[in-house]
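Peer 1: Below: one structure in structure tokens.
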Amino acid sequence: MTCVLAIDIGGTKLAAALVDDAGSILRSATRPTPRKEVMSALAALVAEVMDGGPPPQAAGIGCAGPVDLASGTVSPVNMPSWRGFPLREEVQKLTTLPTVLAGDAQCFALGEHWLGAGRGCTSLLGIVVSTGIGGGLVIDGVPLLGPTGNAGHVGHMSIDPNGERCECGGRGCVERYSSGPNMARWALEHGWSPGAASHAGGSARTELPPQSDHGGAAGHLEEAQADARTLARDAAAGDPVAAAAFQRSARALAGMIASTAAAVELTAVVIGGGVSAAGEVLFNPLRDALDDVSGLPFVRAVQVKQSTLGVRASLAGAAQLAWRAL
Ligand SMILES: [Zn+2]
């Protein structure tokens, strides 16, 4: 039995698995990402997965960014103890295996292309819409990583050169419109009262209670978090501001998708991450916006799909990366 070692490193969770060439997981384990001593935790996790299992032939790592593939180092935003950390070298020393590294969103795209919603498509853009927006490209069946591993940063494509300033320093970035926290921020600025619509009875046609500028609705509403999940529930329940936040987000995503499709001739787009869990609340306005924004026939032909692998996509992509290295 031949297999590879796949590792997925995020700000909240470490995951490792032995994966065969058909994508079957032979063994796997996860543990929370510690605040410090991350490498020790990763070493224990890798030992747990490898101990007693078939020996892997290579290791593939998907890690939260930024990554620098030229040097094999990572500086994950949510992991302050790793800055310029030589992850590829450390895992190579730990396992004595040929070791390859990519960004977690790039691994998401590769995983969905191999085993998920993008299976069989020629050229794919994978997008993770969550606290931020990450992306990865698989073009003509091959992952496009770029010289330093930063290809696919679609969250920081500008869809409005006159738009708002983004945290990255750019202007009018998609992330400023479509990430979970930015959608919630915009909705709050426009009078959204978190949880009010979905607590009001759930019918899509329910009359909304008067909205308060101070969130001073009934006490039980205070439990509702001002996040993308509550926003999705409220949009589904008919809250006009919550629905408008999803429409605004969808139009920004559509502009980015149509531009990327025009540049590299995508055939499919797969969207995952927490915000995509909103389902039709996001995908319906996204399809409408793409219909409006897209012109050329090959751009209009792009298929947009929801992730089918979910949180397992990056691990699958890390495994595929290792198989390719062999
Ligand atoms: Zn930006």
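Convention: chains lettered A, B, ... in structure tokens order; per-chain residue numbering from 1; ligands numbered from 1 as shown.
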Residues within 8 Å of A:Ala17, please, as a PDB file with all heavy atoms, in the first residue's frame. Count only C-alpha atoms; anything in the same chain fewer than 4 positions from it doesn't count.

Peer 2:
ATOM      1  N   LEU A   5       1.810  11.527   3.097  1.00  0.00           N
ATOM      2  CA  LEU A   5       1.412  12.217   4.323  1.00  0.00           C
ATOM      3  C   LEU A   5       0.895  13.602   3.943  1.00  0.00           C
ATOM      4  O   LEU A   5       1.611  14.377   3.305  1.00  0.00           O
ATOM      5  CB  LEU A   5       2.620  12.340   5.259  1.00  0.00           C
ATOM      6  CG  LEU A   5       2.436  13.197   6.514  1.00  0.00           C
ATOM      7  CD1 LEU A   5       1.430  12.568   7.475  1.00  0.00           C
ATOM      8  CD2 LEU A   5       3.781  13.411   7.218  1.00  0.00           C
ATOM      9  N   ALA A   6      -0.349  13.894   4.317  1.00  0.00           N
ATOM     10  CA  ALA A   6      -0.929  15.222   4.066  1.00  0.00           C
ATOM     11  C   ALA A   6      -1.061  15.955   5.382  1.00  0.00           C
ATOM     12  O   ALA A   6      -1.476  15.368   6.390  1.00  0.00           O
ATOM     13  CB  ALA A   6      -2.295  15.085   3.406  1.00  0.00           C
ATOM     14  N   ILE A   7      -0.699  17.237   5.368  1.00  0.00           N
ATOM     15  CA  ILE A   7      -0.763  18.065   6.583  1.00  0.00           C
ATOM     16  C   ILE A   7      -1.490  19.363   6.245  1.00  0.00           C
ATOM     17  O   ILE A   7      -1.190  20.004   5.237  1.00  0.00           O
ATOM     18  CB  ILE A   7       0.664  18.389   7.097  1.00  0.00           C
ATOM     19  CG1 ILE A   7       1.399  17.100   7.497  1.00  0.00           C
ATOM     20  CG2 ILE A   7       0.610  19.355   8.277  1.00  0.00           C
ATOM     21  CD1 ILE A   7       2.877  17.318   7.823  1.00  0.00           C
ATOM     22  N   ILE A  25      -8.550   8.175   2.657  1.00  0.00           N
ATOM     23  CA  ILE A  25      -7.805   8.469   3.880  1.00  0.00           C
ATOM     24  C   ILE A  25      -7.624   7.164   4.654  1.00  0.00           C
ATOM     25  O   ILE A  25      -8.598   6.508   5.034  1.00  0.00           O
ATOM     26  CB  ILE A  25      -8.542   9.531   4.720  1.00  0.00           C
ATOM     27  CG1 ILE A  25      -8.493  10.877   3.984  1.00  0.00           C
ATOM     28  CG2 ILE A  25      -7.921   9.650   6.107  1.00  0.00           C
ATOM     29  CD1 ILE A  25      -9.187  12.006   4.697  1.00  0.00           C
ATOM     30  N   LEU A  26      -6.361   6.767   4.849  1.00  0.00           N
ATOM     31  CA  LEU A  26      -6.067   5.514   5.543  1.00  0.00           C
ATOM     32  C   LEU A  26      -6.048   5.728   7.051  1.00  0.00           C
ATOM     33  O   LEU A  26      -6.491   4.878   7.813  1.00  0.00           O
ATOM     34  CB  LEU A  26      -4.723   4.954   5.068  1.00  0.00           C
ATOM     35  CG  LEU A  26      -4.543   4.886   3.536  1.00  0.00           C
ATOM     36  CD1 LEU A  26      -3.159   4.371   3.181  1.00  0.00           C
ATOM     37  CD2 LEU A  26      -5.623   3.994   2.909  1.00  0.00           C
ATOM     38  N   ARG A  27      -5.481   6.835   7.480  1.00  0.00           N
ATOM     39  CA  ARG A  27      -5.441   7.209   8.898  1.00  0.00           C
ATOM     40  C   ARG A  27      -5.473   8.728   8.955  1.00  0.00           C
ATOM     41  O   ARG A  27      -4.939   9.382   8.079  1.00  0.00           O
ATOM     42  CB  ARG A  27      -4.138   6.723   9.569  1.00  0.00           C
ATOM     43  CG  ARG A  27      -3.878   5.235   9.491  1.00  0.00           C
ATOM     44  CD  ARG A  27      -2.415   4.968   9.827  1.00  0.00           C
ATOM     45  NE  ARG A  27      -2.119   5.330  11.215  1.00  0.00           N
ATOM     46  CZ  ARG A  27      -2.106   4.455  12.229  1.00  0.00           C
ATOM     47  NH1 ARG A  27      -2.335   3.193  12.017  1.00  0.00           N
ATOM     48  NH2 ARG A  27      -1.844   4.846  13.455  1.00  0.00           N
ATOM     49  N   SER A  28      -6.052   9.268  10.007  1.00  0.00           N
ATOM     50  CA  SER A  28      -6.034  10.728  10.147  1.00  0.00           C
ATOM     51  C   SER A  28      -6.181  11.117  11.608  1.00  0.00           C
ATOM     52  O   SER A  28      -6.639  10.317  12.432  1.00  0.00           O
ATOM     53  CB  SER A  28      -7.159  11.371   9.322  1.00  0.00           C
ATOM     54  OG  SER A  28      -8.411  11.072   9.883  1.00  0.00           O
ATOM     55  N   ALA A  29      -5.768  12.308  11.919  1.00  0.00           N
ATOM     56  CA  ALA A  29      -5.909  12.844  13.278  1.00  0.00           C
ATOM     57  C   ALA A  29      -5.901  14.366  13.210  1.00  0.00           C
ATOM     58  O   ALA A  29      -5.375  14.949  12.246  1.00  0.00           O
ATOM     59  CB  ALA A  29      -4.764  12.359  14.172  1.00  0.00           C
ATOM     60  N   VAL A  49      -0.210   9.761  13.445  1.00  0.00           N
ATOM     61  CA  VAL A  49      -0.767   9.296  12.172  1.00  0.00           C
ATOM     62  C   VAL A  49       0.133   8.247  11.522  1.00  0.00           C
ATOM     63  O   VAL A  49      -0.341   7.277  10.929  1.00  0.00           O
ATOM     64  CB  VAL A  49      -0.978  10.505  11.228  1.00  0.00           C
ATOM     65  CG1 VAL A  49      -1.237  10.052   9.801  1.00  0.00           C
ATOM     66  CG2 VAL A  49      -2.132  11.348  11.720  1.00  0.00           C
ATOM     67  N   LEU A 315      -6.791  19.388   3.081  1.00  0.00           N
ATOM     68  CA  LEU A 315      -6.017  18.179   3.369  1.00  0.00           C
ATOM     69  C   LEU A 315      -5.901  17.322   2.097  1.00  0.00           C
ATOM     70  O   LEU A 315      -4.824  16.805   1.779  1.00  0.00           O
ATOM     71  CB  LEU A 315      -6.696  17.397   4.498  1.00  0.00           C
ATOM     72  CG  LEU A 315      -5.849  16.381   5.257  1.00  0.00           C
ATOM     73  CD1 LEU A 315      -4.651  17.048   5.931  1.00  0.00           C
ATOM     74  CD2 LEU A 315      -6.697  15.643   6.293  1.00  0.00           C
TER      75      LEU A 315
END

Peer 1: Show me, as JSON, numbers by chain, the residues that have an atom within 10 Å of A:Gly317 when counting only C-alpha atoms, minus same-chain residues fewer than 2 positions from it.

Peer 2: {"A": [6, 7, 8, 23, 60, 61, 62, 102, 104, 105, 106, 107, 108, 109, 110, 111, 112, 113, 114, 115, 143, 312, 313, 314, 315, 319, 320, 321, 322, 323]}

Peer 1: My list of candidates is A:Ser40, A:Ser259, A:Asn284, A:Ser179. Which is closest to ligand 1 when distances are computed with only C-alpha atoms and all ligand atoms?

Peer 2: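 That would be A:Ser179, the residue with the smallest distance to ligand 1.
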
Peer 1: List as a tab-separated table every residue of chain A that is in contact with ligand 1, defined as an atom at most 12 Å from one of its atoms (using only C-alpha atoms and all ligand atoms), together with the nearest atom pair and the distance in Å rounded to one decimal, sorted by chain and then rising number.

Peer 2:
residue	atom	partner	partner_atom_place_in_ligand_line	distance
A:Gly132	CA	ligand 1	1 (Zn)	9.7
A:Ile133	CA	ligand 1	1 (Zn)	9.5
A:Gly134	CA	ligand 1	1 (Zn)	11.0
A:His153	CA	ligand 1	1 (Zn)	9.2
A:Val154	CA	ligand 1	1 (Zn)	9.1
A:Gly155	CA	ligand 1	1 (Zn)	6.6
A:His156	CA	ligand 1	1 (Zn)	4.0
A:Met157	CA	ligand 1	1 (Zn)	7.0
A:Ser158	CA	ligand 1	1 (Zn)	7.5
A:Ile159	CA	ligand 1	1 (Zn)	10.4
A:Asp160	CA	ligand 1	1 (Zn)	11.3
A:Pro161	CA	ligand 1	1 (Zn)	11.5
A:Gly163	CA	ligand 1	1 (Zn)	10.9
A:Glu164	CA	ligand 1	1 (Zn)	9.7
A:Arg165	CA	ligand 1	1 (Zn)	7.7
A:Cys166	CA	ligand 1	1 (Zn)	4.5
A:Glu167	CA	ligand 1	1 (Zn)	5.8
A:Cys168	CA	ligand 1	1 (Zn)	4.3
A:Gly169	CA	ligand 1	1 (Zn)	6.2
A:Gly170	CA	ligand 1	1 (Zn)	5.0
A:Arg171	CA	ligand 1	1 (Zn)	6.5
A:Gly172	CA	ligand 1	1 (Zn)	7.3
A:Cys173	CA	ligand 1	1 (Zn)	4.6
A:Val174	CA	ligand 1	1 (Zn)	7.2
A:Glu175	CA	ligand 1	1 (Zn)	6.3
A:Arg176	CA	ligand 1	1 (Zn)	7.0
A:Tyr177	CA	ligand 1	1 (Zn)	10.2
A:Ser178	CA	ligand 1	1 (Zn)	11.3
A:Ser179	CA	ligand 1	1 (Zn)	11.0
A:Asn182	CA	ligand 1	1 (Zn)	11.9

Peer 1: Please identify all polymer residues within 12 Å of A:Glu265, counting only C-alpha atoms, omitting same-chain residues fewer than 4 positions from it, and present them as an mmCIF file with N, CA, C and O atoms, in the first residue's frame.

Peer 2:
data_model
loop_
_atom_site.group_PDB
_atom_site.id
_atom_site.type_symbol
_atom_site.label_atom_id
_atom_site.label_comp_id
_atom_site.auth_asym_id
_atom_site.auth_seq_id
_atom_site.Cartn_x
_atom_site.Cartn_y
_atom_site.Cartn_z
ATOM 1 N N CYS A 121 -12.897 19.063 -14.166
ATOM 2 C CA CYS A 121 -12.879 20.321 -14.913
ATOM 3 C C CYS A 121 -11.439 20.667 -15.315
ATOM 4 O O CYS A 121 -10.484 20.220 -14.690
ATOM 5 N N THR A 122 -11.288 21.448 -16.386
ATOM 6 C CA THR A 122 -9.964 21.745 -16.920
ATOM 7 C C THR A 122 -9.266 22.819 -16.097
ATOM 8 O O THR A 122 -8.124 22.645 -15.672
ATOM 9 N N SER A 123 -9.942 23.938 -15.888
ATOM 10 C CA SER A 123 -9.317 25.072 -15.203
ATOM 11 C C SER A 123 -10.254 25.615 -14.134
ATOM 12 O O SER A 123 -11.385 26.012 -14.423
ATOM 13 N N LEU A 124 -9.752 25.612 -12.910
ATOM 14 C CA LEU A 124 -10.601 25.876 -11.752
ATOM 15 C C LEU A 124 -10.047 27.018 -10.909
ATOM 16 O O LEU A 124 -8.839 27.127 -10.707
ATOM 17 N N LEU A 125 -10.958 27.847 -10.423
ATOM 18 C CA LEU A 125 -10.635 28.788 -9.354
ATOM 19 C C LEU A 125 -11.346 28.307 -8.097
ATOM 20 O O LEU A 125 -12.575 28.133 -8.121
ATOM 21 N N LEU A 137 -5.653 28.508 -7.878
ATOM 22 C CA LEU A 137 -5.945 28.233 -9.283
ATOM 23 C C LEU A 137 -5.361 26.893 -9.702
ATOM 24 O O LEU A 137 -4.228 26.551 -9.328
ATOM 25 N N VAL A 138 -6.138 26.135 -10.452
ATOM 26 C CA VAL A 138 -5.647 24.929 -11.119
ATOM 27 C C VAL A 138 -5.923 25.155 -12.605
ATOM 28 O O VAL A 138 -7.079 25.210 -13.022
ATOM 29 N N ILE A 139 -4.851 25.365 -13.368
ATOM 30 C CA ILE A 139 -5.005 25.750 -14.777
ATOM 31 C C ILE A 139 -4.519 24.623 -15.677
ATOM 32 O O ILE A 139 -3.399 24.139 -15.518
ATOM 33 N N ASP A 140 -5.349 24.205 -16.615
ATOM 34 C CA ASP A 140 -5.049 23.052 -17.469
ATOM 35 C C ASP A 140 -4.635 21.851 -16.619
ATOM 36 O O ASP A 140 -3.707 21.111 -16.953
ATOM 37 N N ILE A 257 -14.746 37.069 -10.269
ATOM 38 C CA ILE A 257 -14.807 35.782 -10.988
ATOM 39 C C ILE A 257 -14.786 36.026 -12.504
ATOM 40 O O ILE A 257 -14.042 35.359 -13.239
ATOM 41 N N ALA A 258 -15.573 36.993 -12.978
ATOM 42 C CA ALA A 258 -15.617 37.262 -14.420
ATOM 43 C C ALA A 258 -14.255 37.755 -14.915
ATOM 44 O O ALA A 258 -13.807 37.368 -16.009
ATOM 45 N N SER A 259 -13.576 38.582 -14.106
ATOM 46 C CA SER A 259 -12.255 39.083 -14.509
ATOM 47 C C SER A 259 -11.240 37.951 -14.572
ATOM 48 O O SER A 259 -10.431 37.860 -15.505
ATOM 49 N N THR A 260 -11.260 37.085 -13.550
ATOM 50 C CA THR A 260 -10.322 35.962 -13.523
ATOM 51 C C THR A 260 -10.604 35.013 -14.682
ATOM 52 O O THR A 260 -9.684 34.520 -15.345
ATOM 53 N N ALA A 261 -11.884 34.769 -14.941
ATOM 54 C CA ALA A 261 -12.272 33.885 -16.048
ATOM 55 C C ALA A 261 -11.786 34.439 -17.373
ATOM 56 O O ALA A 261 -11.294 33.704 -18.237
ATOM 57 N N VAL A 269 -15.692 27.367 -10.989
ATOM 58 C CA VAL A 269 -15.339 28.054 -9.747
ATOM 59 C C VAL A 269 -15.988 27.272 -8.606
ATOM 60 O O VAL A 269 -17.180 26.964 -8.675
ATOM 61 N N LEU A 296 -18.473 37.888 -22.530
ATOM 62 C CA LEU A 296 -17.973 36.953 -23.535
ATOM 63 C C LEU A 296 -18.495 35.536 -23.262
ATOM 64 O O LEU A 296 -18.601 35.130 -22.106
ATOM 65 N N PRO A 297 -18.793 34.796 -24.322
ATOM 66 C CA PRO A 297 -19.402 33.469 -24.128
ATOM 67 C C PRO A 297 -18.583 32.542 -23.229
ATOM 68 O O PRO A 297 -19.145 31.828 -22.391
ATOM 69 N N PHE A 298 -17.238 32.547 -23.347
ATOM 70 C CA PHE A 298 -16.459 31.622 -22.503
ATOM 71 C C PHE A 298 -16.454 32.055 -21.042
ATOM 72 O O PHE A 298 -16.267 31.237 -20.143
ATOM 73 N N VAL A 299 -16.695 33.345 -20.799
ATOM 74 C CA VAL A 299 -16.818 33.822 -19.413
ATOM 75 C C VAL A 299 -18.204 33.442 -18.867
ATOM 76 O O VAL A 299 -18.337 32.971 -17.726
ATOM 77 N N ARG A 300 -19.218 33.594 -19.699
ATOM 78 C CA ARG A 300 -20.582 33.244 -19.282
ATOM 79 C C ARG A 300 -20.734 31.754 -19.014
ATOM 80 O O ARG A 300 -21.641 31.330 -18.302
ATOM 81 N N ALA A 301 -19.850 30.957 -19.620
ATOM 82 C CA ALA A 301 -19.984 29.497 -19.504
ATOM 83 C C ALA A 301 -19.416 28.943 -18.197
ATOM 84 O O ALA A 301 -19.588 27.760 -17.907
ATOM 85 N N VAL A 302 -18.746 29.780 -17.399
ATOM 86 C CA VAL A 302 -18.117 29.287 -16.160
ATOM 87 C C VAL A 302 -19.176 28.724 -15.199
ATOM 88 O O VAL A 302 -20.201 29.348 -14.959
ATOM 89 N N GLN A 303 -18.907 27.530 -14.697
ATOM 90 C CA GLN A 303 -19.806 26.883 -13.740
ATOM 91 C C GLN A 303 -19.398 27.269 -12.322
ATOM 92 O O GLN A 303 -18.235 27.100 -11.955
#

Peer 1: Name all residues at most 9 Å from A:Val304 (count only C-alpha atoms; drop same-chain ones fewer than 2 positions away) and give them as a short mmCIF file (atom, residue, chain, number, x, y, z; two decimals) with N, CA and C atoms, in the first residue's frame.

Peer 2:
data_model
loop_
_atom_site.label_atom_id
_atom_site.label_comp_id
_atom_site.auth_asym_id
_atom_site.auth_seq_id
_atom_site.Cartn_x
_atom_site.Cartn_y
_atom_site.Cartn_z
N THR A 267 -12.98 27.16 -16.30
CA THR A 267 -14.19 26.42 -16.64
C THR A 267 -15.10 26.25 -15.43
N ALA A 268 -14.51 26.31 -14.22
CA ALA A 268 -15.34 26.15 -13.02
C ALA A 268 -14.79 26.98 -11.87
N VAL A 269 -15.69 27.37 -10.99
CA VAL A 269 -15.34 28.05 -9.75
C VAL A 269 -15.99 27.27 -8.61
N VAL A 270 -15.20 26.92 -7.59
CA VAL A 270 -15.76 26.23 -6.42
C VAL A 270 -15.56 27.14 -5.21
N ILE A 271 -16.65 27.38 -4.49
CA ILE A 271 -16.61 28.29 -3.36
C ILE A 271 -16.85 27.53 -2.06
N PHE A 283 -25.56 32.05 -3.24
CA PHE A 283 -25.39 31.58 -4.61
C PHE A 283 -26.45 32.11 -5.56
N LEU A 286 -25.39 35.55 -6.49
CA LEU A 286 -24.14 35.42 -7.23
C LEU A 286 -24.40 35.02 -8.69
N ARG A 287 -25.30 34.08 -8.90
CA ARG A 287 -25.62 33.69 -10.29
C ARG A 287 -26.24 34.87 -11.05
N VAL A 302 -18.75 29.78 -17.40
CA VAL A 302 -18.12 29.29 -16.16
C VAL A 302 -19.18 28.72 -15.20
N GLN A 306 -20.78 25.08 -5.16
CA GLN A 306 -20.44 25.08 -3.74
C GLN A 306 -19.49 23.91 -3.45
#
